[in-house]
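Notes follow the structure.
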Amino acid sequence: MIDRVRLLRTAANRATLAPVLVRVAVFLSALLSFAFAYPVPLLTGRSLLLLLAVAALPALAPRRAAPTVVVLVAVGGWLLATTGYGEPVVLWRLLGLAGFLYLTHTLAALAAALPYDAVVAPEMVGRWVARALGVLLGSAVLAVLLLFVAGRGGDRPFLAAALAGLAVAVAVAALLARLLRRG
Amino acid sequence: MTDAATRLRAAVPGPDAGEPEALAPEWAPTRALGRAVLLTGLLLIAGVLLGRVDLVVLATPFALGTAYAMRRRPSAAPLVRLDADDAQLVEGGVVTATVTVGNPDRVHYDLVVVRTLVSPWLRVDAAGPAGHARPARGVPDRPFAVRVERDDEVGLELRGTALRWGRQPIGPAAARVAACDGLLAGRSMLTGARGVRVYPVTEPFDADEAMPRAAGLVGGHRSRRPGEGGELAGVRIFGPGDRLRRVDWRVSLRTRQLHVAATLSDRDAEVVLLLDVLAEAGRSGGVHGRASVLDTTVRAAAAIAEHYLHRGDRVSMLEYGPAARRLRPATGRRQYLTVLEWLLDVRVESSPYEPYDEVFGPHLLSSNALVVVLTPLVDPRSAAMLARLARSGRFVVAVDTLPEQSAPPRRGQWTEVAHRMWRLDRENTIGQLREHGVPVVAWAGAGSLDLVLRDVARLASAPKAVGR
């Protein structure tokens with residue numbers, strides 16, 4: 001126990017600003033994704049404390065399964081809000097949720113590779129975030145197209161989702177297969 | 001400047017020589033890649049099963065981000081090189097090292113974490129990109145996180161101060177690379193460590209006294225033998241073979257018989273510096289701090305060697321320890337540089353056994369040599385060795401290298417008393433050594449040995465019976 005406290009104190013003394021800021025960004029992204037996903041009644045009281053604790057997990061342990069857990073918890077909250085609480089699927093909210101979930105994922109990947117006591121070149125973090133924002137922009141365009149196609153489908157959202165999901169799944173499978181072959 | 005090889009390959013090609021190197025061990029998928037694929041799959045399956053387009057939308061950034069990041073995969077391992085300034089460096093001098101990470105690939109490295117181990121005796125004052133090193137705060141062994149473009153390299157400079165003599169290692173340096181937005185990680189690349197040679201500062205040392213017995217053919221000391229030299233030995237009657245320029249005309253005119261001025265020949269002397277490495281005491285504080293036994297030993301040895309080599313004497317070095325390292329006697333500046341190099345490898349080697357008498361024995365020392373023994377007199381074997389040398393007729397001077405303030409760590413209420421008793425016992429030993437003709441003097445820089453050398457020279461000039 002004393003050794004652990006000593007280790008924590010050493011870590012606190014050695015920590016540098018940039019890695020800490022990256023981890024804070026991971027926490028905020030996770031928290032904001034919960035804010036977009038969960039219905040308002042669940043964002044108060046004890047459940048809020050619980051969500052805060054879950055949002056802190058990927059910031060504290062980005063190398064483990066915590067980021068995956070956060071994404072799954074957020075998606076669960078989204079399903080709860082849209083089905084259990086009957087909240088409508090609004091574009092800005094969906095795009096916000098998708099964006100913050102991806103930011104949580106990619107910033108956790110950065111935090112996992114970045115030692116907490118590293119001296120960080122600012123342009124490295126800048127380029128990383130810029131690439132993430134580029135991916136989000138592209139995803140937003142795709143999402144609007146997808147929703148447009150789904151909206152044109154009228155009362156057949158199931159079919160639209162199946163077609164879209166199938167198309168993306170095939171594309172991803174083909175991509176991964178190609179990458180594996182090249183590797 | 002020297003380079004450290006980064007990648008080793010077999011000297012003899014294996015059976016699969018000619019095959020391209022296996023890429024799998026170089027680059028491995030990270031947890032982030034597994035997470036992205038898992039979440040994409042889960043969200044797509046859930047979207048299809050539940051008929052929810054919004055879940056497909058949620059999966060889109062993961063799929064798109066992964067596809068974009070993995071569109072080009074790295075294939076080559078990064079090149080890491082550690083360069084250290086090998087210029088002659090003295091304690092307190094500035095040392096510079098550069099770690100260079102090269103990217104021979106066609107894909108840029110999003111993140112390269114470079115970490116270098118540095119000897120605690122090298123204080124890193126500034127660190128950062130080569131040419132733009134900024135003052136380093138706190139811990140010197142911080143990793144650096146940089147981005148390396150394709151076909152480019154990034155140099156990280158470490159600039160600091162050498163605090164203590166010795167071969168101070170810089171490195172190994174390790175670089176771990178993440179590419180494809182952190183979805184792939186390269187295995188750590190290591191360089192070897194570089195030993196930076198830090199020479200001891202030589203405290204100013206000067207000994208005016210004559211050597212006890214000069215022995216060589218040429219040198220700066222007057223010998224007891226007549227010959228061509230500068231020291232007047234007397235005036236005697238001219239004999240066959242005397243040079244005319246030696247004729248003393250004043251005496252010749254007065255006595256009406258030719259007289260010549262007789263001189264003593266100039267000879268060099270051999271100085272043996274014997275370093276006691278059986279025990280270390282005191283805590284070294286570097287060049288500006290306290291000196292441990294080894295610090296005093298090495299710095300004093302360098303100073304004494306410099307002084308006598310400058311005067312043209314022959315200096316040899318010996319270690320009193322299990323390794324019994326020795327350096328042959330020689331003279332000149334080259335020998336001084338060799339002595340400094342030899343001193344870099346001095347380290348304490350305690351051993352329960354008596355240092356091997358055939359390797360290290362009085363018979364190996366010239367009988368005319370002045371033996372300067374640098375010893376803390378902590379180990380009883382050191383005092384015994386001094387007594388043996390004195391008994392064998394050598395001119396021995398002991399330099400006490402034990403720091404005044406050195407004390408054992410407090411382990412109980414009796415520690416101080418025990419330490420005081422040990423000190424008294426040691427004083428007793430020193431007194432006994434003095435009685436046996438071994439002067440013991442504490443090292444105090446310039447003029448430390450003057451008084452004792454005078455005594456030794458006086459003893460040397462007196463007739464002496466040596467027991468065989």
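Labels used: A, B, ... for chains in the order of the structure tokens, numbers from 1 for residues in each chain, and numbers from 1 for ligands as shown.
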DSSP-assigned alpha helix (DSSP H) members of segment 162-379 of chain B, reported as a PyMOL selection string: chain B and resi 249-255+293-310+333-344
Per-residue DSSP, segment 62-151 of chain B, filtered to strand (DSSP E), as a PyMOL selection string: chain B and resi 79-84+89-90+94-103+109-118+122-129+134-135+144-148
Selection from above, N, CA and C atoms, as a tab-separated table (two decimals), in the first residue's frame, can you write it?
```
chain	number	residue	atom	x	y	z
B	79	LEU	N	14.94	3.69	-37.63
B	79	LEU	CA	16.38	3.65	-37.39
B	79	LEU	C	16.69	4.56	-36.21
B	80	VAL	N	17.35	4.01	-35.22
B	80	VAL	CA	17.68	4.80	-34.03
B	80	VAL	C	19.20	4.84	-33.90
B	81	ARG	N	19.70	6.01	-33.66
B	81	ARG	CA	21.15	6.18	-33.55
B	81	ARG	C	21.44	7.07	-32.35
B	82	LEU	N	22.46	6.68	-31.61
B	82	LEU	CA	22.85	7.48	-30.43
B	82	LEU	C	24.27	7.99	-30.65
B	83	ASP	N	24.41	9.27	-30.67
B	83	ASP	CA	25.73	9.89	-30.83
B	83	ASP	C	26.09	10.59	-29.53
B	84	ALA	N	27.32	10.35	-29.09
B	84	ALA	CA	27.77	11.03	-27.88
B	84	ALA	C	29.08	11.73	-28.18
B	89	LEU	N	36.86	15.14	-22.08
B	89	LEU	CA	35.93	15.77	-21.16
B	89	LEU	C	36.45	15.61	-19.74
B	90	VAL	N	36.44	16.69	-19.01
B	90	VAL	CA	36.90	16.67	-17.63
B	90	VAL	C	35.69	16.91	-16.73
B	94	VAL	N	31.05	20.16	-20.22
B	94	VAL	CA	29.73	20.03	-20.88
B	94	VAL	C	29.76	18.81	-21.78
B	95	VAL	N	28.74	17.97	-21.63
B	95	VAL	CA	28.63	16.76	-22.45
B	95	VAL	C	27.37	16.88	-23.31
B	96	THR	N	27.49	16.41	-24.55
B	96	THR	CA	26.36	16.50	-25.47
B	96	THR	C	26.11	15.14	-26.10
B	97	ALA	N	24.85	14.78	-26.17
B	97	ALA	CA	24.48	13.52	-26.84
B	97	ALA	C	23.24	13.78	-27.70
B	98	THR	N	23.16	13.06	-28.79
B	98	THR	CA	22.00	13.22	-29.68
B	98	THR	C	21.43	11.86	-30.02
B	99	VAL	N	20.12	11.75	-29.86
B	99	VAL	CA	19.42	10.53	-30.28
B	99	VAL	C	18.69	10.88	-31.57
B	100	THR	N	18.98	10.15	-32.63
B	100	THR	CA	18.35	10.43	-33.91
B	100	THR	C	17.43	9.28	-34.28
B	101	VAL	N	16.19	9.63	-34.63
B	101	VAL	CA	15.22	8.62	-35.07
B	101	VAL	C	14.94	8.87	-36.54
B	102	GLY	N	15.23	7.88	-37.36
B	102	GLY	CA	15.01	8.02	-38.78
B	102	GLY	C	13.82	7.19	-39.24
B	103	ASN	N	13.12	7.71	-40.23
B	103	ASN	CA	11.95	7.01	-40.77
B	103	ASN	C	12.24	6.67	-42.23
B	109	TYR	N	5.45	8.41	-39.28
B	109	TYR	CA	5.18	7.89	-37.94
B	109	TYR	C	4.42	8.95	-37.16
B	110	ASP	N	3.21	8.58	-36.72
B	110	ASP	CA	2.39	9.58	-36.01
B	110	ASP	C	2.99	9.92	-34.66
B	111	LEU	N	3.58	8.93	-34.03
B	111	LEU	CA	4.12	9.17	-32.68
B	111	LEU	C	5.36	8.30	-32.47
B	112	VAL	N	6.44	8.95	-32.11
B	112	VAL	CA	7.65	8.21	-31.74
B	112	VAL	C	8.02	8.64	-30.32
B	113	VAL	N	8.07	7.67	-29.43
B	113	VAL	CA	8.44	7.97	-28.05
B	113	VAL	C	9.89	7.52	-27.87
B	114	VAL	N	10.73	8.47	-27.57
B	114	VAL	CA	12.17	8.20	-27.43
B	114	VAL	C	12.55	8.39	-25.97
B	115	ARG	N	13.20	7.38	-25.44
B	115	ARG	CA	13.65	7.47	-24.05
B	115	ARG	C	15.12	7.08	-23.98
B	116	THR	N	15.88	7.83	-23.25
B	116	THR	CA	17.32	7.56	-23.13
B	116	THR	C	17.70	7.50	-21.67
B	117	LEU	N	18.42	6.47	-21.31
B	117	LEU	CA	18.94	6.38	-19.95
B	117	LEU	C	20.25	7.16	-19.87
B	118	VAL	N	20.39	7.86	-18.80
B	118	VAL	CA	21.61	8.67	-18.63
B	118	VAL	C	22.18	8.36	-17.25
B	122	LEU	N	25.76	12.25	-14.94
B	122	LEU	CA	25.66	13.22	-16.03
B	122	LEU	C	24.36	13.99	-15.80
B	123	ARG	N	24.47	15.23	-15.41
B	123	ARG	CA	23.26	16.02	-15.13
B	123	ARG	C	22.80	16.67	-16.42
B	124	VAL	N	21.56	16.31	-16.85
B	124	VAL	CA	21.04	16.87	-18.09
B	124	VAL	C	20.48	18.26	-17.80
B	125	ASP	N	21.07	19.28	-18.43
B	125	ASP	CA	20.64	20.65	-18.20
B	125	ASP	C	19.64	21.12	-19.25
B	126	ALA	N	19.78	20.61	-20.46
B	126	ALA	CA	18.88	21.03	-21.53
B	126	ALA	C	18.58	19.85	-22.42
B	127	ALA	N	17.36	19.79	-22.91
B	127	ALA	CA	16.95	18.68	-23.77
B	127	ALA	C	15.92	19.17	-24.75
B	128	GLY	N	15.89	18.54	-25.92
B	128	GLY	CA	14.90	18.92	-26.91
B	128	GLY	C	15.41	18.66	-28.31
B	129	PRO	N	14.66	19.16	-29.32
B	129	PRO	CA	15.10	18.95	-30.70
B	129	PRO	C	16.50	19.51	-30.92
B	134	ARG	N	15.94	22.90	-24.86
B	134	ARG	CA	15.49	23.86	-23.84
B	134	ARG	C	15.89	23.35	-22.47
B	135	PRO	N	16.02	24.25	-21.51
B	135	PRO	CA	16.42	23.80	-20.17
B	135	PRO	C	15.49	22.70	-19.65
B	144	PHE	N	10.63	11.57	-24.90
B	144	PHE	CA	10.21	12.63	-25.82
B	144	PHE	C	9.24	12.03	-26.83
B	145	ALA	N	8.17	12.76	-27.09
B	145	ALA	CA	7.18	12.29	-28.06
B	145	ALA	C	7.20	13.24	-29.24
B	146	VAL	N	7.56	12.69	-30.40
B	146	VAL	CA	7.66	13.52	-31.60
B	146	VAL	C	6.98	12.81	-32.77
B	147	ARG	N	6.84	13.54	-33.85
B	147	ARG	CA	6.31	12.97	-35.08
B	147	ARG	C	7.44	12.98	-36.10
B	148	VAL	N	7.56	11.88	-36.85
B	148	VAL	CA	8.63	11.81	-37.85
B	148	VAL	C	7.99	11.59	-39.22
```
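With distances restricted to only C-alpha atoms, B:Cys180 is the closest residue to chain A from B:Pro78, B:Cys180, B:Arg325, B:Leu402.
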Interface rows for chain B against chain A: nearest pair, Å to one decimal, 6 Å, only C-alpha atoms, as CSV:
```
residue,atom,partner,partner_atom,distance
B:Ala32,CA,A:Ala109,CA,5.6
B:Leu44,CA,A:Gly165,CA,5.4
B:Val48,CA,A:Ala162,CA,4.6
B:Gly51,CA,A:Phe158,CA,3.9
B:Arg52,CA,A:Ala161,CA,5.7
B:Val53,CA,A:Ala161,CA,4.6
B:Val56,CA,A:Gly165,CA,5.9
B:Val57,CA,A:Ala143,CA,5.3
B:Leu58,CA,A:Ala98,CA,4.8
B:Thr60,CA,A:Ser139,CA,5.9
B:Pro61,CA,A:Ser139,CA,5.2
B:Gly65,CA,A:Val135,CA,5.6
B:Arg142,CA,A:Ala118,CA,5.8
B:Pro143,CA,A:Ala118,CA,4.7
B:Phe144,CA,A:Val119,CA,4.8
B:Ala145,CA,A:Val120,CA,4.7
B:Val146,CA,A:Ala121,CA,5.3
B:Arg147,CA,A:Met124,CA,5.3
B:Gly182,CA,A:Ala109,CA,5.6
```
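Restricting the calculation to only C-alpha atoms, the smallest distance between Arg434 of chain B and any of B:Leu294, B:Val339, B:Met70, B:Ala387 is found for B:Ala387.
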